[in-house]
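Visitor: Contents are mmCIF, C-alpha atoms and all ligand atoms; file name coords38.cif:
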data_upload
loop_
_atom_site.group_PDB
_atom_site.id
_atom_site.type_symbol
_atom_site.label_atom_id
_atom_site.label_comp_id
_atom_site.auth_asym_id
_atom_site.auth_seq_id
_atom_site.Cartn_x
_atom_site.Cartn_y
_atom_site.Cartn_z
ATOM 1 C CA MET A 1347 -133.732 60.071 36.507
ATOM 2 C CA ASP A 1348 -134.841 56.500 37.175
ATOM 3 C CA GLY A 1349 -136.932 54.086 35.148
ATOM 4 C CA ASN A 1350 -135.306 54.017 31.718
ATOM 5 C CA GLY A 1351 -134.851 50.238 31.803
ATOM 6 C CA ARG A 1352 -138.468 49.536 32.764
ATOM 7 C CA TRP A 1353 -139.689 52.022 30.159
ATOM 8 C CA ALA A 1354 -137.761 50.088 27.497
ATOM 9 C CA SER A 1355 -138.786 46.606 28.607
ATOM 10 C CA ALA A 1356 -142.472 47.642 28.765
ATOM 11 C CA ARG A 1357 -142.136 48.369 25.035
ATOM 12 C CA GLY A 1358 -140.049 45.342 24.165
ATOM 13 C CA LEU A 1359 -137.105 47.622 23.399
ATOM 14 C CA ASP A 1360 -133.436 47.311 24.187
ATOM 15 C CA VAL A 1361 -132.354 49.034 27.410
ATOM 16 C CA ALA A 1362 -130.233 51.485 25.401
ATOM 17 C CA GLU A 1363 -133.442 52.734 23.759
ATOM 18 C CA GLY A 1364 -134.754 53.486 27.234
ATOM 19 C CA HIS A 1365 -131.642 55.499 28.042
ATOM 20 C CA ARG A 1366 -131.979 57.327 24.740
ATOM 21 C CA ALA A 1367 -135.595 58.206 25.558
ATOM 22 C CA GLY A 1368 -134.442 59.286 29.018
ATOM 23 C CA SER A 1369 -131.835 61.597 27.522
ATOM 24 C CA ARG A 1370 -134.558 63.280 25.436
ATOM 25 C CA ALA A 1371 -136.637 63.920 28.549
ATOM 26 C CA LEU A 1372 -133.993 66.208 30.032
ATOM 27 C CA ARG A 1373 -134.346 69.300 27.869
ATOM 28 C CA PRO A 1374 -138.089 69.967 28.478
ATOM 29 C CA VAL A 1375 -137.491 69.682 32.227
ATOM 30 C CA VAL A 1376 -134.520 72.069 32.099
ATOM 31 C CA GLU A 1377 -136.532 74.532 30.001
ATOM 32 C CA THR A 1378 -139.445 74.346 32.432
ATOM 33 C CA ALA A 1379 -137.067 75.011 35.316
ATOM 34 C CA MET A 1380 -135.938 78.197 33.545
ATOM 35 C CA ASP A 1381 -139.548 79.203 32.797
ATOM 36 C CA VAL A 1382 -140.581 78.967 36.436
ATOM 37 C CA GLY A 1383 -137.423 80.599 37.782
ATOM 38 C CA VAL A 1384 -135.573 77.639 39.295
ATOM 39 C CA ALA A 1385 -131.968 78.784 39.669
ATOM 40 C CA SER A 1386 -130.285 75.433 40.243
ATOM 41 C CA LEU A 1387 -131.178 71.945 39.036
ATOM 42 C CA ALA A 1388 -129.213 68.765 39.728
ATOM 43 C CA VAL A 1389 -129.864 65.497 37.903
ATOM 44 C CA TYR A 1390 -128.519 62.057 38.723
ATOM 45 C CA ALA A 1391 -127.200 60.596 35.485
ATOM 46 C CA PHE A 1392 -124.794 57.820 36.498
ATOM 47 C CA SER A 1393 -123.874 56.444 39.907
ATOM 48 C CA THR A 1394 -120.677 54.907 41.219
ATOM 49 C CA GLU A 1395 -122.694 51.660 41.359
ATOM 50 C CA ASN A 1396 -123.845 51.831 37.720
ATOM 51 C CA TRP A 1397 -120.411 50.626 36.527
ATOM 52 C CA ALA A 1398 -121.576 47.170 37.667
ATOM 53 C CA ARG A 1399 -124.016 46.966 34.732
ATOM 54 C CA SER A 1400 -123.094 44.998 31.622
ATOM 55 C CA GLU A 1401 -120.306 46.301 29.434
ATOM 56 C CA ASP A 1402 -122.838 46.789 26.635
ATOM 57 C CA GLU A 1403 -125.128 48.921 28.738
ATOM 58 C CA VAL A 1404 -122.284 50.991 30.210
ATOM 59 C CA SER A 1405 -120.777 51.707 26.812
ATOM 60 C CA ALA A 1406 -124.207 52.594 25.380
ATOM 61 C CA LEU A 1407 -124.689 55.000 28.288
ATOM 62 C CA MET A 1408 -121.305 56.670 27.709
ATOM 63 C CA GLU A 1409 -122.181 57.156 24.066
ATOM 64 C CA ILE A 1410 -125.593 58.592 24.966
ATOM 65 C CA PHE A 1411 -123.999 61.012 27.457
ATOM 66 C CA GLY A 1412 -121.636 62.191 24.724
ATOM 67 C CA ASP A 1413 -124.529 62.600 22.263
ATOM 68 C CA THR A 1414 -126.545 64.485 24.867
ATOM 69 C CA ILE A 1415 -123.710 66.928 25.430
ATOM 70 C CA ASP A 1416 -123.401 67.471 21.666
ATOM 71 C CA ARG A 1417 -127.100 67.535 20.867
ATOM 72 C CA GLU A 1418 -128.804 69.122 23.874
ATOM 73 C CA LEU A 1419 -126.443 70.764 26.272
ATOM 74 C CA HIS A 1420 -124.680 73.076 23.844
ATOM 75 C CA ASP A 1421 -128.128 74.289 22.694
ATOM 76 C CA LEU A 1422 -129.158 74.826 26.273
ATOM 77 C CA ALA A 1423 -125.962 76.794 26.806
ATOM 78 C CA ARG A 1424 -127.246 79.314 24.271
ATOM 79 C CA GLU A 1425 -130.365 79.633 26.424
ATOM 80 C CA GLY A 1426 -128.224 80.459 29.450
ATOM 81 C CA VAL A 1427 -127.565 77.082 31.061
ATOM 82 C CA HIS A 1428 -124.302 76.733 32.966
ATOM 83 C CA THR A 1429 -123.542 73.000 33.214
ATOM 84 C CA GLN A 1430 -121.166 71.426 35.714
ATOM 85 C CA PHE A 1431 -120.499 67.759 36.383
ATOM 86 C CA VAL A 1432 -120.469 66.448 39.930
ATOM 87 C CA GLY A 1433 -118.604 63.257 40.757
ATOM 88 C CA ARG A 1434 -115.448 61.395 39.932
ATOM 89 C CA ARG A 1435 -113.661 62.358 36.731
ATOM 90 C CA ASP A 1436 -110.975 59.692 36.608
ATOM 91 C CA ARG A 1437 -113.039 56.751 35.337
ATOM 92 C CA ALA A 1438 -114.892 58.314 32.409
ATOM 93 C CA PRO A 1439 -113.472 57.533 28.987
ATOM 94 C CA ASP A 1440 -111.034 60.271 27.896
ATOM 95 C CA TRP A 1441 -113.176 61.401 24.961
ATOM 96 C CA LEU A 1442 -116.187 61.861 27.263
ATOM 97 C CA ARG A 1443 -114.209 63.696 29.958
ATOM 98 C CA ASP A 1444 -112.959 66.056 27.242
ATOM 99 C CA LYS A 1445 -116.540 66.779 26.145
ATOM 100 C CA MET A 1446 -117.632 67.332 29.737
ATOM 101 C CA GLU A 1447 -114.822 69.755 30.455
ATOM 102 C CA GLU A 1448 -115.295 71.573 27.174
ATOM 103 C CA LEU A 1449 -118.983 72.075 27.974
ATOM 104 C CA GLU A 1450 -118.132 73.364 31.446
ATOM 105 C CA ARG A 1451 -115.670 75.850 29.987
ATOM 106 C CA ALA A 1452 -118.104 76.945 27.286
ATOM 107 C CA THR A 1453 -120.944 77.622 29.737
ATOM 108 C CA VAL A 1454 -119.082 79.116 32.654
ATOM 109 C CA ALA A 1455 -120.539 82.580 32.074
ATOM 110 C CA ALA A 1456 -124.154 81.418 31.505
ATOM 111 C CA ARG A 1457 -126.415 82.769 34.219
ATOM 112 C CA ARG A 1458 -130.028 81.693 33.718
ATOM 113 C CA LEU A 1459 -129.823 78.243 35.267
ATOM 114 C CA HIS A 1460 -127.107 76.238 36.935
ATOM 115 C CA LEU A 1461 -127.391 72.608 35.834
ATOM 116 C CA TRP A 1462 -125.454 70.028 37.839
ATOM 117 C CA ILE A 1463 -125.096 66.592 36.321
ATOM 118 C CA ALA A 1464 -124.142 63.912 38.819
ATOM 119 C CA PHE A 1465 -121.924 61.542 36.878
ATOM 120 C CA ASP A 1466 -119.898 58.711 38.424
ATOM 121 C CA TYR A 1467 -121.397 60.142 41.557
ATOM 122 C CA GLY A 1468 -121.999 58.432 44.901
ATOM 123 C CA GLY A 1469 -122.898 60.231 48.085
ATOM 124 C CA ARG A 1470 -120.780 57.962 50.251
ATOM 125 C CA ALA A 1471 -117.754 58.223 47.953
ATOM 126 C CA GLU A 1472 -118.129 62.006 48.013
ATOM 127 C CA ILE A 1473 -118.262 62.094 51.813
ATOM 128 C CA VAL A 1474 -115.209 59.833 52.168
ATOM 129 C CA GLU A 1475 -113.305 61.980 49.670
ATOM 130 C CA ALA A 1476 -114.245 65.173 51.508
ATOM 131 C CA ALA A 1477 -113.104 63.615 54.786
ATOM 132 C CA ARG A 1478 -109.808 62.644 53.177
ATOM 133 C CA ARG A 1479 -109.299 66.188 51.856
ATOM 134 C CA LEU A 1480 -110.157 67.777 55.176
ATOM 135 C CA ALA A 1481 -107.809 65.440 57.040
ATOM 136 C CA ALA A 1482 -105.028 66.221 54.557
ATOM 137 C CA ASP A 1483 -105.607 69.925 55.235
ATOM 138 C CA GLY A 1484 -105.550 69.248 58.988
ATOM 139 C CA GLY A 1485 -109.073 70.569 59.666
ATOM 140 C CA PRO A 1486 -110.796 72.514 61.092
ATOM 141 C CA PHE A 1487 -113.295 69.691 61.553
ATOM 142 C CA ASP A 1488 -116.579 71.508 61.338
ATOM 143 C CA GLU A 1489 -119.566 71.278 58.968
ATOM 144 C CA GLU A 1490 -118.660 74.328 56.938
ATOM 145 C CA SER A 1491 -115.080 73.232 56.314
ATOM 146 C CA PHE A 1492 -116.301 69.750 55.425
ATOM 147 C CA ALA A 1493 -118.902 71.049 52.976
ATOM 148 C CA ARG A 1494 -116.246 73.135 51.232
ATOM 149 C CA ARG A 1495 -114.473 69.890 50.304
ATOM 150 C CA LEU A 1496 -117.418 68.199 48.608
ATOM 151 C CA TYR A 1497 -117.212 67.720 44.823
ATOM 152 C CA ALA A 1498 -119.115 70.938 44.067
ATOM 153 C CA PRO A 1499 -118.931 73.264 47.065
ATOM 154 C CA SER A 1500 -120.889 75.983 45.287
ATOM 155 C CA MET A 1501 -123.860 73.712 44.565
ATOM 156 C CA PRO A 1502 -126.722 74.744 46.852
ATOM 157 C CA ASP A 1503 -128.382 72.093 49.015
ATOM 158 C CA PRO A 1504 -131.495 70.901 47.177
ATOM 159 C CA ASP A 1505 -134.804 72.330 48.442
ATOM 160 C CA LEU A 1506 -136.678 69.551 46.661
ATOM 161 C CA VAL A 1507 -135.623 66.095 45.493
ATOM 162 C CA ILE A 1508 -137.859 64.380 42.943
ATOM 163 C CA ARG A 1509 -137.501 60.633 42.479
ATOM 164 C CA THR A 1510 -139.175 58.981 39.518
ATOM 165 C CA SER A 1511 -140.150 55.360 38.826
ATOM 166 C CA GLY A 1512 -141.869 54.486 42.101
ATOM 167 C CA GLU A 1513 -138.744 53.713 44.113
ATOM 168 C CA LEU A 1514 -138.883 55.052 47.669
ATOM 169 C CA ARG A 1515 -135.197 55.442 48.427
ATOM 170 C CA LEU A 1516 -132.259 57.817 48.039
ATOM 171 C CA SER A 1517 -129.852 55.431 46.298
ATOM 172 C CA ASN A 1518 -126.753 57.334 47.402
ATOM 173 C CA PHE A 1519 -127.820 60.710 45.934
ATOM 174 C CA LEU A 1520 -126.570 63.905 47.626
ATOM 175 C CA LEU A 1521 -126.522 62.302 51.065
ATOM 176 C CA TRP A 1522 -124.868 65.242 52.803
ATOM 177 C CA GLN A 1523 -126.685 67.947 50.860
ATOM 178 C CA SER A 1524 -130.218 66.563 51.205
ATOM 179 C CA ALA A 1525 -130.304 66.503 55.016
ATOM 180 C CA TYR A 1526 -133.292 68.883 55.053
ATOM 181 C CA SER A 1527 -134.605 68.470 51.524
ATOM 182 C CA GLU A 1528 -138.265 67.891 50.765
ATOM 183 C CA TYR A 1529 -139.107 64.827 48.679
ATOM 184 C CA VAL A 1530 -141.610 64.093 45.943
ATOM 185 C CA PHE A 1531 -141.912 60.501 44.764
ATOM 186 C CA THR A 1532 -143.721 59.657 41.565
ATOM 187 C CA ASP A 1533 -144.471 56.351 39.839
ATOM 188 C CA THR A 1534 -143.804 57.930 36.447
ATOM 189 C CA LEU A 1535 -140.795 56.446 34.660
ATOM 190 C CA TRP A 1536 -138.177 59.076 33.819
ATOM 191 C CA PRO A 1537 -138.664 59.035 30.011
ATOM 192 C CA ASP A 1538 -142.347 59.902 30.608
ATOM 193 C CA PHE A 1539 -141.638 62.631 33.170
ATOM 194 C CA GLY A 1540 -142.421 65.984 31.614
ATOM 195 C CA PRO A 1541 -143.033 69.673 32.293
ATOM 196 C CA GLU A 1542 -146.540 69.163 33.644
ATOM 197 C CA GLU A 1543 -145.469 66.726 36.317
ATOM 198 C CA PHE A 1544 -142.423 68.819 37.134
ATOM 199 C CA ARG A 1545 -144.636 71.852 37.701
ATOM 200 C CA SER A 1546 -146.975 69.851 39.882
ATOM 201 C CA ALA A 1547 -144.059 68.602 42.018
ATOM 202 C CA LEU A 1548 -143.005 72.237 42.483
ATOM 203 C CA GLU A 1549 -146.566 73.168 43.492
ATOM 204 C CA ASP A 1550 -146.585 70.311 45.970
ATOM 205 C CA TYR A 1551 -143.289 71.587 47.367
ATOM 206 C CA ALA A 1552 -144.659 75.115 47.651
ATOM 207 C CA GLN A 1553 -147.309 73.835 50.101
ATOM 208 C CA ARG A 1554 -144.762 72.310 52.468
ATOM 209 C CA ARG A 1555 -143.847 73.984 55.703
ATOM 210 C CA ARG A 1556 -140.118 73.619 56.320
ATOM 211 C CA ARG A 1557 -138.972 73.913 59.880
ATOM 212 C CA PHE A 1558 -135.389 72.628 59.731
ATOM 213 C CA GLY A 1559 -135.849 71.094 63.143
ATOM 214 C CA GLY A 1560 -137.179 74.340 64.603
ATOM 215 C CA ARG A 1561 -140.690 75.057 65.920
HETATM 216 C C1 LIG B 1601 -131.928 55.216 35.183
HETATM 217 O O1 LIG B 1601 -132.667 54.221 34.615
HETATM 218 C C2 LIG B 1601 -130.727 55.601 34.372
HETATM 219 C C3 LIG B 1601 -129.426 55.148 34.912
HETATM 220 C C4 LIG B 1601 -129.244 54.544 36.052
HETATM 221 C C5 LIG B 1601 -128.243 55.410 34.107
HETATM 222 P P1 LIG B 1601 -132.464 52.686 34.993
HETATM 223 O O2 LIG B 1601 -131.603 52.075 33.953
HETATM 224 O O3 LIG B 1601 -132.001 52.543 36.394
HETATM 225 O O4 LIG B 1601 -133.952 52.150 34.843
HETATM 226 P P2 LIG B 1601 -134.620 50.922 35.605
HETATM 227 O O5 LIG B 1601 -134.492 51.180 37.083
HETATM 228 O O6 LIG B 1601 -133.892 49.685 35.163
HETATM 229 O O7 LIG B 1601 -136.041 50.960 35.142
HETATM 230 MG MG MG B 1602 -133.028 52.162 38.175
#
What would you get if you wrote out this structure as structure tokens?

Guide:
Amino acid sequence: MDGNGRWASARGLDVAEGHRAGSRALRPVVETAMDVGVASLAVYAFSTENWARSEDEVSALMEIFGDTIDRELHDLAREGVHTQFVGRRDRAPDWLRDKMEELERATVAARRLHLWIAFDYGGRAEIVEAARRLAADGGPFDEESFARRLYAPSMPDPDLVIRTSGELRLSNFLLWQSAYSEYVFTDTLWPDFGPEEFRSALEDYAQRRRRFGGR
């Protein structure tokens, strides 16, 4: 969900306003996913590298995440959205971790859509952690056993990864899981990304021929 900062500066607004606009863009995309029958949707909310931003921006983001849980995600739960957070838990402020875990508990039985929110998430950190866990368990050192030690072993590998804001890179997102994912890149900044563009990315994906290295 990239481009909040540029969206704000294009309007002469504070960066926090961009993040607020970005948080409002989530619900229509989640609702569209349910409408078209997507079973699993993962969004990248905050990376292990984002802690390097100014204290003001980080604390505004934490507040916005909390507000989004209160304002949007509990509503979405009533529509059948099971939310789980993917990433480190130990660095979030206590009050936010409590909200995250409460939401996970409250939505555990929801079945219409599985929403994964990558928070304090980094693909490399996840891989190192999985390696550490597998070594501690003494193996076996194969792909399946490794994958079972990722942050969210039940999260399916993404079929499609959509990156907004014109950047043509992965930025440490789901490195292991996206080995055979299809990609759609769009110049649209995340706060402007809506149902129509989401549907068109899915249509684009539907035209792809996936071979997974086969013939
Ligand atoms: C994405 O928007 C949201 C987070 C990383 C939390 P950015 O804040 O990265 O937006 P740009 O890249 O500065 O436009
Ligand atoms: Mg960015």

Visitor: Quick one: apply the PyMOL selection byres (((not hetatm)) within 7 of (chain B and resi 1602)) to the file and drop the selected residues here as a PyMOL selection string.

Guide: chain A and resi 1348-1349+1351

Visitor: Of the candidates A:Leu1514, A:Val1474, A:Val1404, A:Ala1371, which shows the shortest atom-to-atom distance to Ala1438 in chain A, using all atoms listed in the file?

Guide: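 Checking each of A:Leu1514, A:Val1474, A:Val1404, A:Ala1371 against Ala1438 in chain A, counting all atoms listed in the file, the winner is A:Val1404.
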
Visitor: When distances are computed from only C-alpha atoms and all ligand atoms, which of A:His1460, A:Arg1373, A:Arg1509, A:Arg1557 shows the smallest separation from ligand LIG 1601 (chain B)?

Guide: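 So, comparing all the options, the nearest one is A:Arg1509.
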
Visitor: For each of A:Leu1372, A:Ala1525, A:Leu1535, A:Ala1481, take the minimum atom-to-atom distance to Gly1559 in chain A, counting only C-alpha atoms, then give the residue where this is smallest.

Guide: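 Selected residue with least distance to Gly1559 in chain A: A:Ala1525.
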
Visitor: When the PyMOL selection byres (((not hetatm)) within 7 of (chain B and resi 1601)) is applied to the file above, which residues end up in the set, as a list in words?

Guide: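 This file gives the following for the PyMOL selection byres (((not hetatm)) within 7 of (chain B and resi 1601)): Met1347, Asp1348, Gly1349, Asn1350, Gly1351, Arg1352, Trp1353, His1365, Ala1391, Phe1392, Ser1393, Asn1396 and Leu1407 of chain A.
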
Visitor: Need the shell around range 1429-1432 of chain A: protein/DNA/RNA residues with any atom at most 9 Å away, counting all atoms listed in the file. Skip same-chain ones fewer than 2 positions apart. Format as a PyMOL selection string?

Guide: chain A and resi 1419+1423+1427+1434-1435+1446-1447+1449-1454+1456+1459-1467+1497-1498

Visitor: So what do you get for CA of Glu1401 in chain A versus CA of Thr1414 in chain A, distance-wise?

Guide: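 For CA of Glu1401 in chain A relative to CA of Thr1414 in chain A, the distance reads 19.8 Å.
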
Visitor: Counting all atoms listed in the file, figure out which residue out of A:Arg1437, A:His1428, A:Arg1478, A:Arg1515 gets nearest to Arg1495 in chain A.

Guide: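 Closest to Arg1495 in chain A of all the choices is A:Arg1478.
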